[in-house]
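Visitor: upload_2.txt is reproduced in full below (compact mmCIF, C-alpha atoms and all ligand atoms).
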```txt
# COMPACT_ATOMS: atom_id res chain seq x y z
CA MET A 1 -21.81 -48.75 -7.65
CA PHE A 2 -18.60 -46.94 -6.78
CA GLU A 3 -17.66 -43.59 -8.34
CA ILE A 4 -14.78 -43.14 -10.76
CA ARG A 5 -12.81 -39.93 -10.53
CA LEU A 6 -10.14 -38.20 -12.56
CA ALA A 7 -7.14 -37.23 -10.42
CA PRO A 8 -5.93 -33.65 -10.37
CA MET A 9 -2.74 -33.50 -12.45
CA CYS A 10 -0.80 -30.28 -13.04
CA GLY A 11 -0.26 -29.56 -16.71
CA ILE A 12 -2.65 -32.31 -17.79
CA THR A 13 -6.17 -32.13 -16.38
CA ASP A 14 -7.27 -28.77 -17.75
CA HIS A 15 -10.96 -28.27 -18.50
CA VAL A 16 -10.59 -29.59 -22.05
CA PHE A 17 -9.18 -32.92 -20.93
CA ARG A 18 -11.65 -33.14 -18.04
CA THR A 19 -14.53 -32.61 -20.48
CA LEU A 20 -13.30 -35.50 -22.63
CA CYS A 21 -13.07 -37.72 -19.54
CA TYR A 22 -16.59 -36.74 -18.44
CA GLU A 23 -17.88 -37.69 -21.88
CA GLN A 24 -16.41 -41.15 -21.38
CA GLY A 25 -18.09 -41.68 -18.02
CA CYS A 26 -15.89 -40.01 -15.41
CA ASP A 27 -18.04 -39.12 -12.39
CA LEU A 28 -15.99 -36.35 -10.83
CA ALA A 29 -12.94 -34.27 -11.69
CA TYR A 30 -10.72 -31.72 -9.99
CA THR A 31 -8.87 -28.64 -11.13
CA GLU A 32 -5.09 -28.79 -11.14
CA MET A 33 -3.75 -27.61 -7.80
CA ILE A 34 -3.99 -23.86 -7.28
CA SER A 35 -1.96 -21.83 -4.78
CA ALA A 36 -4.22 -20.24 -2.16
CA MET A 37 -1.65 -17.50 -1.65
CA GLY A 38 -1.27 -16.98 -5.41
CA TYR A 39 -5.02 -16.62 -5.76
CA LEU A 40 -5.32 -14.12 -2.91
CA CYS A 41 -2.41 -12.00 -4.16
CA ALA A 42 -3.36 -11.99 -7.82
CA PRO A 43 -6.81 -13.45 -8.51
CA GLU A 44 -6.84 -11.89 -11.97
CA GLN A 45 -3.50 -13.37 -13.03
CA ARG A 46 -3.96 -15.18 -16.34
CA ALA A 47 -2.35 -18.47 -15.30
CA THR A 48 -4.52 -18.72 -12.18
CA LYS A 49 -7.68 -17.76 -14.07
CA GLU A 50 -6.97 -20.47 -16.65
CA LEU A 51 -6.56 -23.07 -13.93
CA MET A 52 -9.89 -22.02 -12.45
CA VAL A 53 -11.98 -22.31 -15.61
CA ARG A 54 -14.98 -24.58 -15.36
CA GLY A 55 -15.90 -25.82 -18.83
CA GLU A 56 -19.51 -25.41 -19.94
CA LYS A 57 -19.93 -29.15 -20.23
CA GLU A 58 -18.37 -30.12 -16.94
CA PRO A 59 -21.24 -31.46 -14.83
CA ARG A 60 -19.30 -31.19 -11.55
CA LEU A 61 -15.97 -29.72 -10.52
CA ILE A 62 -13.90 -29.63 -7.35
CA ILE A 63 -11.26 -26.93 -7.01
CA GLN A 64 -8.03 -28.08 -5.39
CA LEU A 65 -6.06 -25.63 -3.24
CA PHE A 66 -2.61 -25.88 -1.77
CA GLY A 67 -0.89 -23.76 0.82
CA ARG A 68 0.90 -23.86 4.12
CA ASP A 69 -0.94 -21.27 6.21
CA PRO A 70 -4.42 -22.25 7.47
CA ASP A 71 -5.76 -18.66 7.50
CA THR A 72 -4.60 -18.04 3.94
CA VAL A 73 -6.24 -21.22 2.67
CA ALA A 74 -9.44 -20.43 4.59
CA GLU A 75 -9.57 -16.88 3.20
CA ALA A 76 -9.03 -18.14 -0.35
CA THR A 77 -11.81 -20.67 0.25
CA LYS A 78 -14.21 -17.95 1.37
CA ARG A 79 -13.56 -15.86 -1.73
CA ILE A 80 -13.70 -18.83 -4.06
CA CYS A 81 -17.00 -19.99 -2.57
CA ALA A 82 -18.44 -16.53 -3.25
CA LEU A 83 -17.85 -17.15 -6.98
CA GLY A 84 -20.41 -19.97 -6.81
CA ILE A 85 -18.61 -22.03 -9.47
CA TYR A 86 -17.43 -25.17 -7.71
CA ASP A 87 -19.06 -28.19 -6.08
CA GLY A 88 -16.34 -28.62 -3.49
CA ILE A 89 -12.94 -27.57 -2.19
CA ASP A 90 -10.13 -30.12 -2.02
CA LEU A 91 -7.05 -29.55 0.15
CA ASN A 92 -3.81 -30.85 -1.29
CA MET A 93 -1.85 -32.68 1.40
CA GLY A 94 -0.15 -35.08 -0.97
CA CYS A 95 2.02 -33.17 -3.45
CA PRO A 96 5.60 -34.47 -3.13
CA ALA A 97 7.32 -31.87 -5.33
CA LYS A 98 10.60 -30.37 -4.18
CA LYS A 99 9.23 -26.84 -4.38
CA ILE A 100 6.16 -27.76 -2.36
CA ALA A 101 6.55 -30.49 0.28
CA PRO A 102 9.81 -29.42 1.98
CA SER A 103 8.36 -25.95 2.56
CA GLY A 104 5.38 -27.36 4.42
CA GLU A 105 2.81 -27.39 1.62
CA GLY A 106 1.23 -30.46 -0.04
CA ALA A 107 2.61 -33.65 1.51
CA GLY A 108 4.72 -31.46 3.81
CA LEU A 109 1.55 -30.95 5.87
CA MET A 110 1.69 -34.62 6.86
CA ARG A 111 4.73 -33.65 8.98
CA THR A 112 2.81 -30.91 10.78
CA PRO A 113 -0.47 -32.46 11.91
CA ASP A 114 -1.44 -29.49 14.07
CA THR A 115 -1.19 -27.12 11.12
CA ALA A 116 -2.99 -29.63 8.90
CA PHE A 117 -5.83 -29.95 11.42
CA SER A 118 -6.14 -26.20 11.75
CA MET A 119 -6.22 -25.86 7.96
CA MET A 120 -8.95 -28.47 7.66
CA LYS A 121 -11.06 -26.93 10.42
CA LYS A 122 -10.71 -23.33 9.25
CA THR A 123 -11.41 -24.28 5.65
CA VAL A 124 -14.53 -26.20 6.64
CA GLU A 125 -15.72 -23.16 8.61
CA ALA A 126 -15.00 -20.82 5.69
CA SER A 127 -16.64 -22.98 3.05
CA ASP A 128 -20.24 -23.36 2.02
CA VAL A 129 -19.49 -26.40 -0.15
CA PRO A 130 -18.09 -29.76 1.06
CA VAL A 131 -14.36 -29.80 1.81
CA SER A 132 -12.24 -32.87 1.07
CA VAL A 133 -8.56 -33.70 1.60
CA LYS A 134 -6.17 -35.61 -0.64
CA MET A 135 -3.34 -37.22 1.31
CA ARG A 136 -0.59 -39.82 1.10
CA LEU A 137 0.29 -42.64 3.53
CA GLY A 138 2.73 -40.35 5.34
CA TYR A 139 5.93 -38.41 4.71
CA ASP A 140 8.23 -41.42 4.61
CA ARG A 141 8.22 -45.08 5.59
CA ASP A 142 9.18 -44.26 9.17
CA HIS A 143 6.29 -41.85 9.53
CA ILE A 144 3.18 -43.55 8.22
CA ASN A 145 0.38 -41.50 9.75
CA VAL A 146 -2.47 -41.76 7.26
CA LEU A 147 -4.84 -43.37 9.80
CA GLU A 148 -4.26 -40.54 12.25
CA PHE A 149 -4.74 -38.04 9.43
CA ALA A 150 -7.93 -39.64 8.20
CA ARG A 151 -9.46 -39.60 11.71
CA MET A 152 -8.29 -36.05 12.16
CA ALA A 153 -10.01 -35.06 8.92
CA GLU A 154 -13.21 -36.63 10.15
CA ASP A 155 -12.97 -34.70 13.44
CA ALA A 156 -12.36 -31.46 11.55
CA GLY A 157 -15.62 -31.86 9.60
CA ILE A 158 -14.02 -32.89 6.31
CA ALA A 159 -16.64 -34.46 4.03
CA SER A 160 -14.46 -37.07 2.31
CA ILE A 161 -10.84 -38.02 1.77
CA THR A 162 -8.69 -39.40 -1.01
CA VAL A 163 -5.70 -41.57 -0.17
CA HIS A 164 -2.87 -42.05 -2.64
CA GLY A 165 -1.26 -45.26 -1.37
CA ARG A 166 2.34 -44.03 -1.31
CA THR A 167 4.51 -41.91 0.96
CA ARG A 168 5.98 -38.58 -0.04
CA GLU A 169 9.40 -40.22 -0.05
CA GLN A 170 8.23 -42.71 -2.69
CA GLN A 171 7.00 -39.93 -4.98
CA TYR A 172 5.63 -42.14 -7.80
CA SER A 173 7.93 -45.15 -7.37
CA GLY A 174 7.10 -48.57 -6.00
CA GLU A 175 3.51 -49.73 -5.76
CA ALA A 176 0.52 -48.03 -4.20
CA ASP A 177 -0.43 -49.90 -1.03
CA TRP A 178 -4.13 -50.70 -1.35
CA ASP A 179 -4.11 -52.70 1.89
CA MET A 180 -3.31 -49.48 3.71
CA ILE A 181 -6.09 -47.78 1.78
CA ALA A 182 -8.42 -50.58 2.99
CA SER A 183 -7.31 -49.90 6.58
CA VAL A 184 -8.18 -46.24 6.17
CA LYS A 185 -11.58 -47.13 4.76
CA SER A 186 -12.35 -49.31 7.77
CA SER A 187 -11.16 -46.66 10.24
CA VAL A 188 -13.41 -43.73 9.31
CA ARG A 189 -17.09 -43.16 8.56
CA ILE A 190 -16.60 -40.45 5.90
CA PRO A 191 -16.31 -41.62 2.26
CA VAL A 192 -12.85 -42.69 1.14
CA CYS A 193 -11.54 -42.53 -2.42
CA GLY A 194 -8.65 -44.88 -3.24
CA ASN A 195 -5.87 -43.76 -5.57
CA GLY A 196 -2.78 -45.26 -7.10
CA ASP A 197 -1.77 -47.42 -10.04
CA ILE A 198 -5.11 -47.96 -11.77
CA TYR A 199 -4.23 -48.51 -15.41
CA THR A 200 -7.05 -50.75 -16.63
CA ALA A 201 -10.74 -51.26 -15.94
CA GLU A 202 -9.85 -54.53 -14.23
CA ASP A 203 -7.40 -52.72 -11.92
CA ALA A 204 -10.20 -50.39 -10.85
CA LEU A 205 -12.62 -53.18 -10.01
CA ASN A 206 -9.99 -55.35 -8.30
CA ARG A 207 -8.58 -52.54 -6.17
CA GLN A 208 -12.00 -51.32 -5.13
CA ALA A 209 -13.06 -54.88 -4.26
CA ARG A 210 -9.93 -55.24 -2.12
CA SER A 211 -10.33 -51.94 -0.26
CA TYR A 212 -14.12 -51.32 -0.23
CA THR A 213 -13.50 -47.66 -1.00
CA ASP A 214 -16.48 -45.54 -2.01
CA SER A 215 -14.73 -44.37 -5.15
CA VAL A 216 -11.48 -44.73 -7.05
CA MET A 217 -9.35 -42.02 -8.61
CA ILE A 218 -7.33 -42.40 -11.78
CA GLY A 219 -4.33 -40.28 -12.70
CA ARG A 220 -1.67 -41.56 -15.06
CA GLY A 221 -3.94 -44.32 -16.32
CA ALA A 222 -6.15 -41.68 -17.94
CA MET A 223 -3.32 -39.93 -19.78
CA GLY A 224 -4.02 -40.49 -23.48
CA ASN A 225 -6.73 -42.87 -22.34
CA PRO A 226 -10.00 -41.13 -21.44
CA TRP A 227 -11.73 -44.33 -22.53
CA ILE A 228 -10.67 -45.97 -19.27
CA PHE A 229 -13.77 -44.41 -17.65
CA ARG A 230 -16.10 -45.95 -20.24
CA LYS A 231 -14.42 -49.32 -19.85
CA ILE A 232 -14.80 -49.30 -16.09
CA LYS A 233 -18.48 -48.35 -16.46
CA ASP A 234 -18.94 -51.21 -18.94
CA LEU A 235 -17.33 -53.67 -16.56
CA GLN A 236 -19.37 -52.36 -13.63
CA HIS A 237 -22.58 -52.93 -15.59
CA GLY A 238 -21.53 -56.31 -16.93
CA ARG A 239 -21.33 -55.02 -20.50
CA GLU A 240 -18.75 -56.25 -22.97
CA THR A 241 -15.76 -53.86 -23.03
CA LYS A 242 -14.80 -52.99 -26.57
CA PRO A 243 -11.22 -52.15 -27.47
CA VAL A 244 -10.59 -48.63 -28.73
CA THR A 245 -10.34 -48.58 -32.52
CA ASP A 246 -7.78 -46.58 -34.48
CA ALA A 247 -10.62 -44.47 -35.86
CA GLU A 248 -11.80 -43.58 -32.35
CA ARG A 249 -8.25 -42.80 -31.32
CA LYS A 250 -7.75 -40.49 -34.27
CA GLU A 251 -11.10 -38.77 -33.70
CA MET A 252 -10.25 -38.21 -30.04
CA ILE A 253 -6.86 -36.67 -30.88
CA LEU A 254 -8.38 -34.35 -33.50
CA ARG A 255 -11.23 -33.33 -31.20
CA HIS A 256 -8.88 -32.74 -28.28
CA TYR A 257 -6.70 -30.63 -30.59
CA ARG A 258 -9.61 -28.57 -31.92
CA MET A 259 -10.94 -27.97 -28.43
CA MET A 260 -7.49 -26.80 -27.30
CA LEU A 261 -7.28 -24.46 -30.29
CA GLY A 262 -10.65 -23.02 -29.32
CA GLU A 263 -9.30 -22.17 -25.87
CA LYS A 264 -5.65 -21.21 -26.22
CA PRO A 265 -3.35 -19.36 -28.61
CA GLU A 266 -2.19 -21.73 -31.36
CA ARG A 267 1.44 -21.90 -30.26
CA ILE A 268 0.40 -22.94 -26.74
CA ALA A 269 -2.13 -25.48 -28.00
CA VAL A 270 0.46 -26.96 -30.37
CA ARG A 271 2.98 -27.30 -27.55
CA GLU A 272 0.53 -28.75 -25.04
CA MET A 273 -0.95 -31.22 -27.51
CA ARG A 274 2.45 -32.82 -28.13
CA LYS A 275 2.46 -34.68 -24.84
CA HIS A 276 -1.21 -35.69 -25.15
CA ILE A 277 -0.59 -37.07 -28.65
CA ALA A 278 2.43 -39.02 -27.40
CA TRP A 279 0.22 -40.65 -24.75
CA TYR A 280 -2.65 -41.34 -27.19
CA ILE A 281 -0.41 -43.22 -29.60
CA LYS A 282 1.75 -45.01 -27.03
CA GLY A 283 2.33 -48.61 -28.06
CA MET A 284 1.26 -48.14 -31.69
CA LYS A 285 3.51 -49.09 -34.56
CA GLY A 286 5.62 -46.17 -35.75
CA ALA A 287 4.81 -44.16 -32.62
CA ALA A 288 8.41 -43.11 -31.95
CA GLN A 289 8.92 -41.64 -35.40
CA PHE A 290 5.53 -39.94 -35.42
CA ARG A 291 6.23 -38.46 -31.99
CA ALA A 292 9.52 -37.03 -33.21
CA GLU A 293 7.75 -35.44 -36.19
CA ILE A 294 4.89 -33.99 -34.19
CA ASN A 295 7.33 -32.58 -31.64
CA LYS A 296 9.05 -30.61 -34.39
CA CYS A 297 5.83 -29.46 -36.03
CA PRO A 298 5.31 -25.72 -35.38
CA ASP A 299 1.64 -25.23 -36.25
CA ALA A 300 -1.75 -26.89 -36.01
CA GLU A 301 -2.43 -27.26 -39.72
CA ARG A 302 0.70 -29.30 -40.31
CA SER A 303 0.08 -31.28 -37.13
CA PHE A 304 -3.38 -32.24 -38.43
CA ARG A 305 -1.82 -33.41 -41.69
CA LEU A 306 0.72 -35.51 -39.81
CA ILE A 307 -1.99 -37.04 -37.64
CA ASN A 308 -4.13 -37.92 -40.65
CA HIS A 309 -1.15 -39.41 -42.44
CA PHE A 310 -0.13 -41.47 -39.38
CA PHE A 311 -3.58 -43.00 -39.08
CA GLN A 312 -3.93 -43.57 -42.84
CA GLU A 313 -0.76 -45.56 -42.68
CA SER A 314 -1.91 -47.37 -39.60
CA GLY A 315 -4.13 -49.86 -41.45
CA ASN A 316 -3.88 -52.87 -39.23
CA ARG A 317 -2.05 -51.32 -36.33
CA GLU A 318 -1.93 -53.26 -33.11
CA GLU A 319 -4.80 -52.50 -30.79
CA VAL A 320 -3.88 -50.63 -27.65
CA SER A 321 -6.43 -51.26 -24.93
C1 LIG A 401 2.04 -34.98 -13.79
C2 LIG A 401 1.30 -35.14 -12.49
C3 LIG A 401 0.74 -34.01 -11.91
C4 LIG A 401 0.05 -34.13 -10.69
N1 LIG A 401 -0.54 -33.03 -10.13
C5 LIG A 401 -1.28 -33.15 -8.99
C6 LIG A 401 -2.02 -32.06 -8.44
O1 LIG A 401 -2.04 -30.95 -8.97
N2 LIG A 401 -2.71 -32.29 -7.28
C7 LIG A 401 -2.73 -33.51 -6.66
O2 LIG A 401 -3.37 -33.67 -5.62
N3 LIG A 401 -2.06 -34.55 -7.18
C8 LIG A 401 -1.36 -34.41 -8.31
N4 LIG A 401 -0.76 -35.51 -8.87
C9 LIG A 401 -0.93 -36.83 -8.24
C10 LIG A 401 -2.15 -37.55 -8.82
O3 LIG A 401 -3.34 -36.84 -8.53
C11 LIG A 401 -2.27 -38.98 -8.25
O4 LIG A 401 -2.43 -38.90 -6.86
C12 LIG A 401 -1.04 -39.84 -8.57
O5 LIG A 401 -0.64 -39.68 -9.90
C13 LIG A 401 -1.31 -41.32 -8.27
O6 LIG A 401 -2.35 -41.81 -9.07
P1 LIG A 401 -2.07 -42.70 -10.39
O7 LIG A 401 -1.22 -43.86 -9.98
O8 LIG A 401 -3.44 -43.10 -10.87
O9 LIG A 401 -1.35 -41.82 -11.37
C14 LIG A 401 -0.06 -35.40 -10.06
C15 LIG A 401 0.51 -36.52 -10.69
C16 LIG A 401 1.16 -36.40 -11.89
C17 LIG A 401 1.75 -37.65 -12.52
```
Would you mind writing the structure in this file as structure tokens?
Guide:
Amino acid sequence: MFEIRLAPMCGITDHVFRTLCYEQGCDLAYTEMISAMGYLCAPEQRATKELMVRGEKEPRLIIQLFGRDPDTVAEATKRICALGIYDGIDLNMGCPAKKIAPSGEGAGLMRTPDTAFSMMKKTVEASDVPVSVKMRLGYDRDHINVLEFARMAEDAGIASITVHGRTREQQYSGEADWDMIASVKSSVRIPVCGNGDIYTAEDALNRQARSYTDSVMIGRGAMGNPWIFRKIKDLQHGRETKPVTDAERKEMILRHYRMMLGEKPERIAVREMRKHIAWYIKGMKGAAQFRAEINKCPDAERSFRLINHFFQESGNREEVS
């Protein structure tokens, strides 16, 4: 049975959301990416500390680091391992962002294989937990080097890799190339996790069956939809997959909200919940108007009232699966 993982996503997969995904059957989750340099310079900085929280109910957690200098990443790894909190270190070699990739971090490392190899090797040496790498197909369509990278990772002692089936140039456009992911899987002995464009339980099973990967990773398909993990598990075990009811949807939103309020100052929780709520209600009748109201709502109490009212009105709303 292949594993189902939640992708690291900045601004989305904090420990509250990861906990909700674990409850629905997610097997493994990652922190949002954390700057190795940022951590070394200011380990006590609030933003970094928040990103590094492991929730009490998270059964496993991989911390994801990004950086450009191998020694910096290795040193951060050594110090992070000493905390004894995480089950693994993941190296980000896939982030396409303008502030990251062009300066040689994230997917930018796919343009500098020597530096990438050195980073992998030094991090493995510095770590006492397994080290993995998340990569893309290459920097752009003229430089597809994922096979070389995957073999290099294996040689460096990397325990497993994740391949997002797009180039840096594609960012999130076009389609993830699962045939390339299949080629990677057949080229290395270490476990391979396939990633890209899994939006339904059927997508997960079909893409894994096409690529033979050891696990699949879900990013955008889990936004407002932690149930996707349960549905995949149901399908894997031949159980009937039940659609999510309005009552479940409402309960999830309220629980997510309360958990956020337990962790963050109200004004931050209110702001962060807006996007989650928009994803939870996507496709429902009246969603646009409700979204506009919730986006204007300044506090939690009034937000709860709006949520209750929206679902009271929902009656026979269309099912969103
Ligand atoms: C908003 C957002 C934030 C992301 N942040 C990270 C990150 O911190 N680290 C990382 O490796 N990938 C990050 N990704 C990429 C995802 O992990 C994943 O590789 C990508 O979304 C493709 O998977 P999907 O098609 O299932 O969404 C991010 C993606 C999105 C949409």
Visitor: Between A:Asp214, A:Asp128, A:Glu148, A:Asp140, which has the minimum distance to A:Pro113 (counting all atoms listed in the file)?
Guide: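 Among A:Asp214, A:Asp128, A:Glu148, A:Asp140, it is A:Glu148 that comes nearest to A:Pro113.
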Visitor: Near A:Lys98, counting all atoms listed in the file, which residues have an atom at most 12 Å away, once you skip same-chain residues fewer than 3 positions from it, shown as a PyMOL selection string?
Guide: chain A and resi 95+101-108+168-169+171
Visitor: Could you please extract the residues within 9 Å of ligand LIG 401 (chain A), counting all atoms listed in the file, and hand them back as an MDAnalysis selection string?
Guide: chainID A and resid 6:13 30:34 64:66 90:96 106 133:136 162:166 171:172 175:176 195:199 217:223
Visitor: May I ask for the distance between atom CA of A:Glu50 and atom CA of A:Val16, given in Å to one decimal place?
Guide: 11.2 Å
Visitor: Under the rule that all atoms listed in the file are counted, which of A:Glu58, A:Glu272, A:Glu248, A:Asp71 is the nearest residue to A:Tyr86?
Guide: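 Smallest separation from A:Tyr86 among the options: A:Glu58.
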Visitor: What's the separation between atom CA of A:Ser160 and atom CA of A:Lys231, in Å to one decimal place?
Guide: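 Going from atom CA of A:Ser160 over to atom CA of A:Lys231 covers 25.3 Å.
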Visitor: Please enclose the listed atoms of stretch 175-180 of chain A in an axis-aligned box, pad each side by 5 Å, and write out the centre and the three edge lengths in Å, rounded to one decimal, as JSON.
Guide:
```
{"center_x": -0.3, "center_y": -50.4, "center_z": -1.0, "size_x": 17.6, "size_y": 14.7, "size_z": 19.5}
```
Visitor: One decimal, in Å: what's the spacing between atom CA of A:Arg68 and atom CA of A:Gly174?
Guide: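 For atom CA of A:Arg68 relative to atom CA of A:Gly174, the distance reads 27.4 Å.
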Visitor: Using only C-alpha atoms, which protein or nucleic acid residues come within 8 Å of stretch 286-298 of chain A? Drop anything in the same chain fewer than 5 positions from it, and give the result as a ChimeraX atom specification.
Guide: /A:267,270-271,274,277-278,281,303,306,310
Visitor: Could you give me, as a PyMOL selection string, the residues within 8 Å of stretch 202-210 of chain A, counting only C-alpha atoms and dropping anything in the same chain fewer than 3 positions from it?
Guide: chain A and resi 178-179+182+194+197-199+213-216+232+235-236
